[in-house]
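Note sheet for the following structure.
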Amino acid sequence: MFTALADSLVYGLLGLTEGDRLADALHFFVMDTAKIFVLLVAVIYVMGLLRALVSPEKVRGYVRGKPPWLARTLAIGLGAVTPFCSCSSVPLFIGFVEAGIPLGVTFSFLIASPMINEIAVVLLAGILGWEIAALYVAAGLTVAWVGGIVMQRFRPERWVEDYVWKIRMGETHEQAPDTSWAGRHRFAMAEVREILRRVWKWVLIGIAVGALFHGFVPGDWVTEHLGGEGNWLAVPGAVLLGIPLYANATGVIPVAEAMLGKGVAIGTTLAFMMSVAALSLPEMLILRKVIRWPALALFAGVLAVAFVLVGWSFNLIT
Amino acid sequence: MKTIQVLGSGCARCESTYRLIDELAREQGVEVELKKVEDIAEIMAMGVISTPGVAIDGEVVHTGSVPDRKLVADWLA
């Protein structure tokens, strides 16, 4: 369906010839735009209808007072189903600290949440196939688990800003959700509008980058420099490139699609995706309000090393 | 007169929540005292993590999103 649409638009309406670079790029752009936005709207709507999205207040309630291993498991699991907006990472961080949740667990949550969510998983499965989606989720969960434990070892408490310890959080008020179908529909529509408004730019930029890569980067060059064989530096390079880049997990999918299509090794692609989704400069600057630079540098370092290891392992076994 | 507080430290969605309530209050001719709460300690003291939140007469009635028009209209009624 989407192929037919892109075919008729690019080759028919615009009269471009198949195989032409510009035509290839445009075809990719049209097809991915249509496919990704249809999938996005559908997934967000269904999630909203089921009210499957968990609020950070609830996560805090579930995680507090649990033994460390259970707290971490819950934080990661719930992080994966919480649609994360970096705008709430400061209150979330403070709320976790105030609830006596260990910082290592909070870091596990902060790693898992932006990287994995239902929306990204469905899109990944829809566009790159469920095997890649499963690999991405498994690798993401592992990094969140190990990353939080490693952070804890460095006693990050000493870098938390003093005022954070002084904040006392009030009782959270559970609002009884409107569970009638009309109410669910309204809620789902509001979620679609809200999330789309937040992500559409990143998704379009991602598709454009993917399209350019698809149309203009020669396949031979990619195989030689970014393929799995003997290109050890490709993975750290991809991770470093991904750190300053900011996009959400959805926006990076079309880029990954183009990379894989041209023959970039799977580990390199996964490492790049994770780095873009989980690590970003704006996010670091927001977290700087609650925690000092040494902890942030450490956080970035631990994640970068973890992503490189993930990339190398996948490149080795495939 | 109701006191309505919009909780959130300057995010775009907090601003739209504030404007929406202001607009509907005018439309319905309801007089309210509309305030912004931007201090993070104060917001958290009210038990809110996900902003924007809305409190009416000191009680939190909404968190985590821009409330839809119907909900706001109900609060003002």
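Just so we're on the same page: first chain in the structure tokens is A, next is B, and so on; residues restart at 1 for each chain, and ligands are numbered from 1 in the order they show up.
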
Residues near B:Leu34, anyone? I mean within 9 Å using only C-alpha atoms, not counting same-chain ones fewer than 4 positions away, as a PDB file with N, CA, C and O atoms, in the first residue's frame.
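The new file around_0.pdb reads:
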```
ATOM      1  N   LYS B   2     -12.900  30.729  42.665  1.00  0.00           N
ATOM      2  CA  LYS B   2     -11.940  29.622  42.713  1.00  0.00           C
ATOM      3  C   LYS B   2     -10.516  30.111  42.474  1.00  0.00           C
ATOM      4  O   LYS B   2     -10.288  31.006  41.673  1.00  0.00           O
ATOM      5  N   THR B   3      -9.568  29.465  43.143  1.00  0.00           N
ATOM      6  CA  THR B   3      -8.170  29.721  42.853  1.00  0.00           C
ATOM      7  C   THR B   3      -7.653  28.541  42.038  1.00  0.00           C
ATOM      8  O   THR B   3      -7.742  27.400  42.475  1.00  0.00           O
ATOM      9  N   ILE B   4      -7.169  28.818  40.847  1.00  0.00           N
ATOM     10  CA  ILE B   4      -6.616  27.736  40.020  1.00  0.00           C
ATOM     11  C   ILE B   4      -5.116  27.941  39.864  1.00  0.00           C
ATOM     12  O   ILE B   4      -4.663  29.018  39.487  1.00  0.00           O
ATOM     13  N   GLN B   5      -4.349  26.897  40.186  1.00  0.00           N
ATOM     14  CA  GLN B   5      -2.899  26.980  40.028  1.00  0.00           C
ATOM     15  C   GLN B   5      -2.449  26.046  38.910  1.00  0.00           C
ATOM     16  O   GLN B   5      -2.865  24.893  38.854  1.00  0.00           O
ATOM     17  N   VAL B   6      -1.610  26.564  38.041  1.00  0.00           N
ATOM     18  CA  VAL B   6      -1.007  25.725  37.000  1.00  0.00           C
ATOM     19  C   VAL B   6       0.417  25.410  37.457  1.00  0.00           C
ATOM     20  O   VAL B   6       1.223  26.311  37.671  1.00  0.00           O
ATOM     21  N   TYR B  18      -2.043  27.035  30.870  1.00  0.00           N
ATOM     22  CA  TYR B  18      -2.389  28.310  31.471  1.00  0.00           C
ATOM     23  C   TYR B  18      -3.285  29.111  30.532  1.00  0.00           C
ATOM     24  O   TYR B  18      -4.331  29.622  30.923  1.00  0.00           O
ATOM     25  N   ILE B  21      -6.936  27.637  30.192  1.00  0.00           N
ATOM     26  CA  ILE B  21      -7.808  27.922  31.327  1.00  0.00           C
ATOM     27  C   ILE B  21      -8.232  29.397  31.300  1.00  0.00           C
ATOM     28  O   ILE B  21      -9.409  29.725  31.475  1.00  0.00           O
ATOM     29  N   ASP B  22      -7.269  30.254  31.025  1.00  0.00           N
ATOM     30  CA  ASP B  22      -7.542  31.685  30.960  1.00  0.00           C
ATOM     31  C   ASP B  22      -8.604  31.980  29.905  1.00  0.00           C
ATOM     32  O   ASP B  22      -9.586  32.683  30.146  1.00  0.00           O
TER      33      ASP B  22
END
```

Do me a favour and pick out the residues of chain A within 8 Å of chain B, using only C-alpha atoms, as a tab-separated table (two decimals) with N, CA and C atoms, in the first residue's frame.
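Saved the output as out01.tsv:
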```
chain	number	residue	atom	x	y	z
A	55	SER	N	2.15	6.61	34.56
A	55	SER	CA	2.69	7.93	34.93
A	55	SER	C	3.89	7.78	35.86
A	56	PRO	N	4.80	8.76	35.83
A	56	PRO	CA	5.98	8.71	36.72
A	56	PRO	C	5.59	8.65	38.20
A	57	GLU	N	4.47	9.27	38.57
A	57	GLU	CA	4.03	9.23	39.96
A	57	GLU	C	3.78	7.78	40.38
A	87	CYS	N	11.33	16.70	29.71
A	87	CYS	CA	10.92	17.84	30.53
A	87	CYS	C	10.58	17.42	31.95
A	88	SER	N	10.23	16.13	32.18
A	88	SER	CA	9.93	15.75	33.56
A	88	SER	C	11.08	15.02	34.23
A	91	PRO	N	11.90	16.74	38.02
A	91	PRO	CA	11.00	16.34	39.10
A	91	PRO	C	11.04	14.83	39.35
A	92	LEU	N	11.20	14.06	38.29
A	92	LEU	CA	11.26	12.62	38.45
A	92	LEU	C	12.47	12.20	39.29
A	95	GLY	N	11.85	13.27	42.83
A	95	GLY	CA	10.82	12.41	43.43
A	95	GLY	C	11.37	11.06	43.83
A	167	ILE	N	14.07	18.82	49.48
A	167	ILE	CA	12.69	18.87	49.01
A	167	ILE	C	11.86	17.73	49.61
A	168	ARG	N	10.71	18.09	50.13
A	168	ARG	CA	9.79	17.06	50.64
A	168	ARG	C	8.60	16.98	49.70
A	169	MET	N	8.30	15.77	49.32
A	169	MET	CA	7.22	15.65	48.37
A	169	MET	C	5.89	15.39	49.08
A	170	GLY	N	4.85	16.03	48.58
A	170	GLY	CA	3.52	15.84	49.17
A	170	GLY	C	2.89	14.54	48.73
A	171	GLU	N	1.76	14.24	49.31
A	171	GLU	CA	0.97	13.08	48.94
A	171	GLU	C	0.55	13.19	47.46
A	172	THR	N	0.72	12.10	46.69
A	172	THR	CA	0.22	12.19	45.31
A	172	THR	C	-1.25	11.82	45.29
A	173	HIS	N	-1.96	12.51	44.44
A	173	HIS	CA	-3.41	12.28	44.38
A	173	HIS	C	-3.70	11.48	43.14
A	175	GLN	N	-5.89	10.43	40.34
A	175	GLN	CA	-7.15	10.88	39.76
A	175	GLN	C	-7.85	9.67	39.18
A	190	ALA	N	-6.32	12.84	22.70
A	190	ALA	CA	-5.46	13.87	23.30
A	190	ALA	C	-4.01	13.38	23.31
A	194	GLU	N	-0.92	15.13	21.51
A	194	GLU	CA	0.17	15.56	22.38
A	194	GLU	C	1.51	14.96	21.94
```

Atom CA of A:Val105 to atom CA of A:Val239, distance in Å rounded to a single decimal: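 Computing the Euclidean distance for atom CA of A:Val105 and atom CA of A:Val239 yields 23.6 Å.
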
Identify, with DSSP run on backbone atoms, the residues in stretch 6-74 of chain B assigned to strand (DSSP E), and express the list as an mmCIF file with N, CA, C and O atoms, in the first residue's frame.
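Saved to result.cif:
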```cif
data_model
loop_
_atom_site.group_PDB
_atom_site.id
_atom_site.type_symbol
_atom_site.label_atom_id
_atom_site.label_comp_id
_atom_site.auth_asym_id
_atom_site.auth_seq_id
_atom_site.Cartn_x
_atom_site.Cartn_y
_atom_site.Cartn_z
ATOM 1 N N VAL B 6 -1.610 26.564 38.041
ATOM 2 C CA VAL B 6 -1.007 25.725 37.000
ATOM 3 C C VAL B 6 0.417 25.410 37.457
ATOM 4 O O VAL B 6 1.223 26.311 37.671
ATOM 5 N N LEU B 7 0.701 24.111 37.628
ATOM 6 C CA LEU B 7 1.994 23.700 38.160
ATOM 7 C C LEU B 7 2.933 23.282 37.035
ATOM 8 O O LEU B 7 2.593 22.411 36.240
ATOM 9 N N VAL B 32 -11.931 33.785 38.028
ATOM 10 C CA VAL B 32 -11.059 32.894 38.785
ATOM 11 C C VAL B 32 -9.754 33.601 39.088
ATOM 12 O O VAL B 32 -9.367 34.540 38.401
ATOM 13 N N GLU B 33 -9.092 33.120 40.115
ATOM 14 C CA GLU B 33 -7.758 33.621 40.381
ATOM 15 C C GLU B 33 -6.802 32.591 39.806
ATOM 16 O O GLU B 33 -6.657 31.496 40.349
ATOM 17 N N LEU B 34 -6.171 32.933 38.691
ATOM 18 C CA LEU B 34 -5.305 31.996 37.988
ATOM 19 C C LEU B 34 -3.842 32.313 38.280
ATOM 20 O O LEU B 34 -3.394 33.434 38.091
ATOM 21 N N LYS B 35 -3.117 31.287 38.752
ATOM 22 C CA LYS B 35 -1.708 31.518 39.123
ATOM 23 C C LYS B 35 -0.812 30.456 38.511
ATOM 24 O O LYS B 35 -1.240 29.342 38.265
ATOM 25 N N LYS B 36 0.450 30.820 38.334
ATOM 26 C CA LYS B 36 1.438 29.829 37.907
ATOM 27 C C LYS B 36 2.286 29.462 39.117
ATOM 28 O O LYS B 36 2.688 30.332 39.875
ATOM 29 N N VAL B 37 2.551 28.170 39.280
ATOM 30 C CA VAL B 37 3.498 27.754 40.313
ATOM 31 C C VAL B 37 4.716 27.198 39.583
ATOM 32 O O VAL B 37 4.623 26.166 38.918
ATOM 33 N N GLY B 53 0.594 20.334 35.866
ATOM 34 C CA GLY B 53 -0.460 19.897 36.776
ATOM 35 C C GLY B 53 -1.401 21.063 37.025
ATOM 36 O O GLY B 53 -1.047 22.211 36.770
ATOM 37 N N VAL B 54 -2.596 20.737 37.461
ATOM 38 C CA VAL B 54 -3.552 21.792 37.767
ATOM 39 C C VAL B 54 -4.121 21.528 39.153
ATOM 40 O O VAL B 54 -4.465 20.392 39.491
ATOM 41 N N ALA B 55 -4.178 22.575 39.989
ATOM 42 C CA ALA B 55 -4.790 22.448 41.313
ATOM 43 C C ALA B 55 -5.894 23.485 41.439
ATOM 44 O O ALA B 55 -5.744 24.620 40.994
ATOM 45 N N ILE B 56 -7.020 23.044 42.000
ATOM 46 C CA ILE B 56 -8.115 23.979 42.248
ATOM 47 C C ILE B 56 -8.293 24.105 43.755
ATOM 48 O O ILE B 56 -8.457 23.093 44.447
ATOM 49 N N GLU B 59 -6.163 21.807 45.698
ATOM 50 C CA GLU B 59 -6.224 20.363 45.494
ATOM 51 C C GLU B 59 -5.870 20.002 44.051
ATOM 52 O O GLU B 59 -6.443 20.556 43.107
ATOM 53 N N VAL B 60 -4.914 19.050 43.906
ATOM 54 C CA VAL B 60 -4.484 18.673 42.562
ATOM 55 C C VAL B 60 -5.597 17.893 41.858
ATOM 56 O O VAL B 60 -6.095 16.905 42.377
ATOM 57 N N VAL B 61 -5.987 18.380 40.679
ATOM 58 C CA VAL B 61 -7.052 17.692 39.947
ATOM 59 C C VAL B 61 -6.563 17.074 38.648
ATOM 60 O O VAL B 61 -7.271 16.309 38.007
ATOM 61 N N HIS B 62 -5.340 17.409 38.247
ATOM 62 C CA HIS B 62 -4.878 16.935 36.947
ATOM 63 C C HIS B 62 -3.359 16.989 36.880
ATOM 64 O O HIS B 62 -2.748 17.914 37.406
#
```

Within 9 Å of B:Val30 using only C-alpha atoms, minus same-chain residues under 2 positions, as an MDAnalysis selection string: chainID B and resid 1 24:28 32 76:77

Just to be explicit: take each residue in the selection above, keep C-alpha atoms, and write the result as a PDB file, in the first residue's frame.
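Contents of the output file again.pdb:
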```pdb
ATOM      1  CA  MET B   1     -14.051  32.628  43.585  1.00  0.00           C
ATOM      2  CA  LEU B  24     -12.185  29.335  28.773  1.00  0.00           C
ATOM      3  CA  ALA B  25     -12.684  31.341  31.965  1.00  0.00           C
ATOM      4  CA  ARG B  26     -13.183  34.476  29.887  1.00  0.00           C
ATOM      5  CA  GLU B  27     -15.466  32.652  27.469  1.00  0.00           C
ATOM      6  CA  GLN B  28     -17.659  31.348  30.262  1.00  0.00           C
ATOM      7  CA  VAL B  32     -11.059  32.894  38.785  1.00  0.00           C
ATOM      8  CA  LEU B  76     -14.917  26.227  35.767  1.00  0.00           C
ATOM      9  CA  ALA B  77     -18.617  25.382  35.914  1.00  0.00           C
TER      10      ALA B  77
END
```

Atom CA of A:Thr3 to atom CA of A:Val192, distance in Å rounded to a single decimal: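 Answer for the atom CA of A:Thr3 to atom CA of A:Val192 separation: 24.8 Å.
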
DSSP-assigned helix (DSSP H, G or I) members of chain B, reported as a PyMOL selection string: chain B and resi 12-27+40-45+69-76

Residues as selected, N, CA, C and O atoms, written as a CSV table (one decimal), in the first residue's frame, can you do that?
```csv
chain,number,residue,atom,x,y,z
B,12,ALA,N,6.6,24.2,27.7
B,12,ALA,CA,5.6,24.7,26.7
B,12,ALA,C,4.2,24.3,27.0
B,12,ALA,O,3.3,25.0,26.8
B,13,ARG,N,4.1,23.0,27.4
B,13,ARG,CA,2.8,22.5,27.7
B,13,ARG,C,2.1,23.2,28.9
B,13,ARG,O,0.9,23.3,29.0
B,14,CYS,N,3.0,23.6,29.9
B,14,CYS,CA,2.4,24.4,31.0
B,14,CYS,C,1.8,25.7,30.6
B,14,CYS,O,0.8,26.1,31.0
B,15,GLU,N,2.6,26.3,29.6
B,15,GLU,CA,2.1,27.6,29.1
B,15,GLU,C,0.8,27.4,28.4
B,15,GLU,O,-0.2,28.2,28.6
B,16,SER,N,0.6,26.4,27.6
B,16,SER,CA,-0.7,26.2,26.9
B,16,SER,C,-1.8,25.9,27.8
B,16,SER,O,-2.9,26.2,27.6
B,17,THR,N,-1.5,25.1,28.9
B,17,THR,CA,-2.5,24.9,29.9
B,17,THR,C,-3.0,26.2,30.5
B,17,THR,O,-4.2,26.4,30.7
B,18,TYR,N,-2.0,27.0,30.9
B,18,TYR,CA,-2.4,28.3,31.5
B,18,TYR,C,-3.3,29.1,30.5
B,18,TYR,O,-4.3,29.6,30.9
B,19,ARG,N,-2.9,29.2,29.3
B,19,ARG,CA,-3.7,30.0,28.3
B,19,ARG,C,-5.0,29.4,28.1
B,19,ARG,O,-6.0,30.1,28.0
B,20,LEU,N,-5.1,28.0,28.0
B,20,LEU,CA,-6.4,27.4,27.8
B,20,LEU,C,-7.4,27.7,28.9
B,20,LEU,O,-8.6,28.1,28.7
B,21,ILE,N,-6.9,27.6,30.2
B,21,ILE,CA,-7.8,27.9,31.3
B,21,ILE,C,-8.2,29.4,31.3
B,21,ILE,O,-9.4,29.7,31.5
B,22,ASP,N,-7.3,30.3,31.0
B,22,ASP,CA,-7.5,31.7,31.0
B,22,ASP,C,-8.6,32.0,29.9
B,22,ASP,O,-9.6,32.7,30.1
B,23,GLU,N,-8.4,31.4,28.7
B,23,GLU,CA,-9.3,31.6,27.6
B,23,GLU,C,-10.8,31.1,27.9
B,23,GLU,O,-11.7,31.8,27.7
B,24,LEU,N,-10.9,29.9,28.5
B,24,LEU,CA,-12.2,29.3,28.8
B,24,LEU,C,-12.9,30.1,29.9
B,24,LEU,O,-14.1,30.2,29.9
B,25,ALA,N,-12.1,30.6,30.9
B,25,ALA,CA,-12.7,31.3,32.0
B,25,ALA,C,-13.3,32.6,31.4
B,25,ALA,O,-14.4,33.0,31.8
B,26,ARG,N,-12.6,33.3,30.5
B,26,ARG,CA,-13.2,34.5,29.9
B,26,ARG,C,-14.4,34.1,29.1
B,26,ARG,O,-15.5,34.8,29.2
B,27,GLU,N,-14.3,33.1,28.3
B,27,GLU,CA,-15.5,32.7,27.5
B,27,GLU,C,-16.7,32.4,28.3
B,27,GLU,O,-17.8,32.8,27.9
B,40,ILE,N,10.1,24.4,41.7
B,40,ILE,CA,10.1,22.9,41.7
B,40,ILE,C,9.7,22.3,43.1
B,40,ILE,O,9.0,21.4,43.2
B,41,ALA,N,10.3,23.0,44.1
B,41,ALA,CA,10.0,22.4,45.5
B,41,ALA,C,8.6,22.5,45.8
B,41,ALA,O,8.0,21.6,46.4
B,42,GLU,N,8.0,23.6,45.4
B,42,GLU,CA,6.5,23.9,45.7
B,42,GLU,C,5.7,22.9,44.9
B,42,GLU,O,4.7,22.3,45.4
B,43,ILE,N,6.1,22.7,43.7
B,43,ILE,CA,5.3,21.7,42.8
B,43,ILE,C,5.3,20.3,43.4
B,43,ILE,O,4.3,19.6,43.5
B,44,MET,N,6.5,19.9,43.8
B,44,MET,CA,6.7,18.6,44.4
B,44,MET,C,6.0,18.4,45.7
B,44,MET,O,5.5,17.4,46.1
B,45,ALA,N,6.0,19.5,46.5
B,45,ALA,CA,5.3,19.5,47.8
B,45,ALA,C,3.8,19.2,47.6
B,45,ALA,O,3.2,18.7,48.5
B,69,ARG,N,-10.5,20.4,26.7
B,69,ARG,CA,-11.4,21.6,26.9
B,69,ARG,C,-12.5,21.2,27.8
B,69,ARG,O,-13.0,22.0,28.6
B,70,LYS,N,-13.1,20.0,27.6
B,70,LYS,CA,-14.3,19.7,28.3
B,70,LYS,C,-14.0,19.6,29.8
B,70,LYS,O,-14.8,20.0,30.6
B,71,LEU,N,-12.8,19.1,30.1
B,71,LEU,CA,-12.4,18.9,31.5
B,71,LEU,C,-12.3,20.3,32.1
B,71,LEU,O,-12.8,20.6,33.2
B,72,VAL,N,-11.6,21.2,31.4
B,72,VAL,CA,-11.4,22.6,31.9
B,72,VAL,C,-12.8,23.3,32.1
B,72,VAL,O,-13.0,23.9,33.2
B,73,ALA,N,-13.7,23.1,31.2
B,73,ALA,CA,-15.0,23.6,31.3
B,73,ALA,C,-15.7,23.1,32.5
B,73,ALA,O,-16.4,23.9,33.2
B,74,ASP,N,-15.6,21.8,32.8
B,74,ASP,CA,-16.2,21.3,34.0
B,74,ASP,C,-15.6,21.9,35.3
B,74,ASP,O,-16.4,22.2,36.2
B,75,TRP,N,-14.3,22.1,35.3
B,75,TRP,CA,-13.7,22.7,36.5
B,75,TRP,C,-14.3,24.1,36.7
B,75,TRP,O,-14.5,24.5,37.9
B,76,LEU,N,-14.5,24.8,35.6
B,76,LEU,CA,-14.9,26.2,35.8
B,76,LEU,C,-16.4,26.4,36.1
B,76,LEU,O,-16.8,27.3,36.6
```

Exercise: A:Ala120 partners within 12 Å, only C-alpha atoms, chain neighbours under 5 positions left out, as number ranges by chain: A: 36, 39-40, 43-44, 80-84, 113-115, 125-128, 130, 132-134, 136-137, 199, 203, 248-254, 273-274, 277

Long-range neighbours of stretch 302-313 of chain A as a list of chain:residue names, 7 Å cut-off, only C-alpha atoms, 4 positions minimum in chain: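 Everything that qualifies: A:Ala139, A:Val143, A:Gly147, A:Val235, A:Pro236, A:Val239, A:Gly267, A:Thr268, A:Leu270, A:Ala271, A:Met274, A:Ser275, A:Leu298, A:Ile317.
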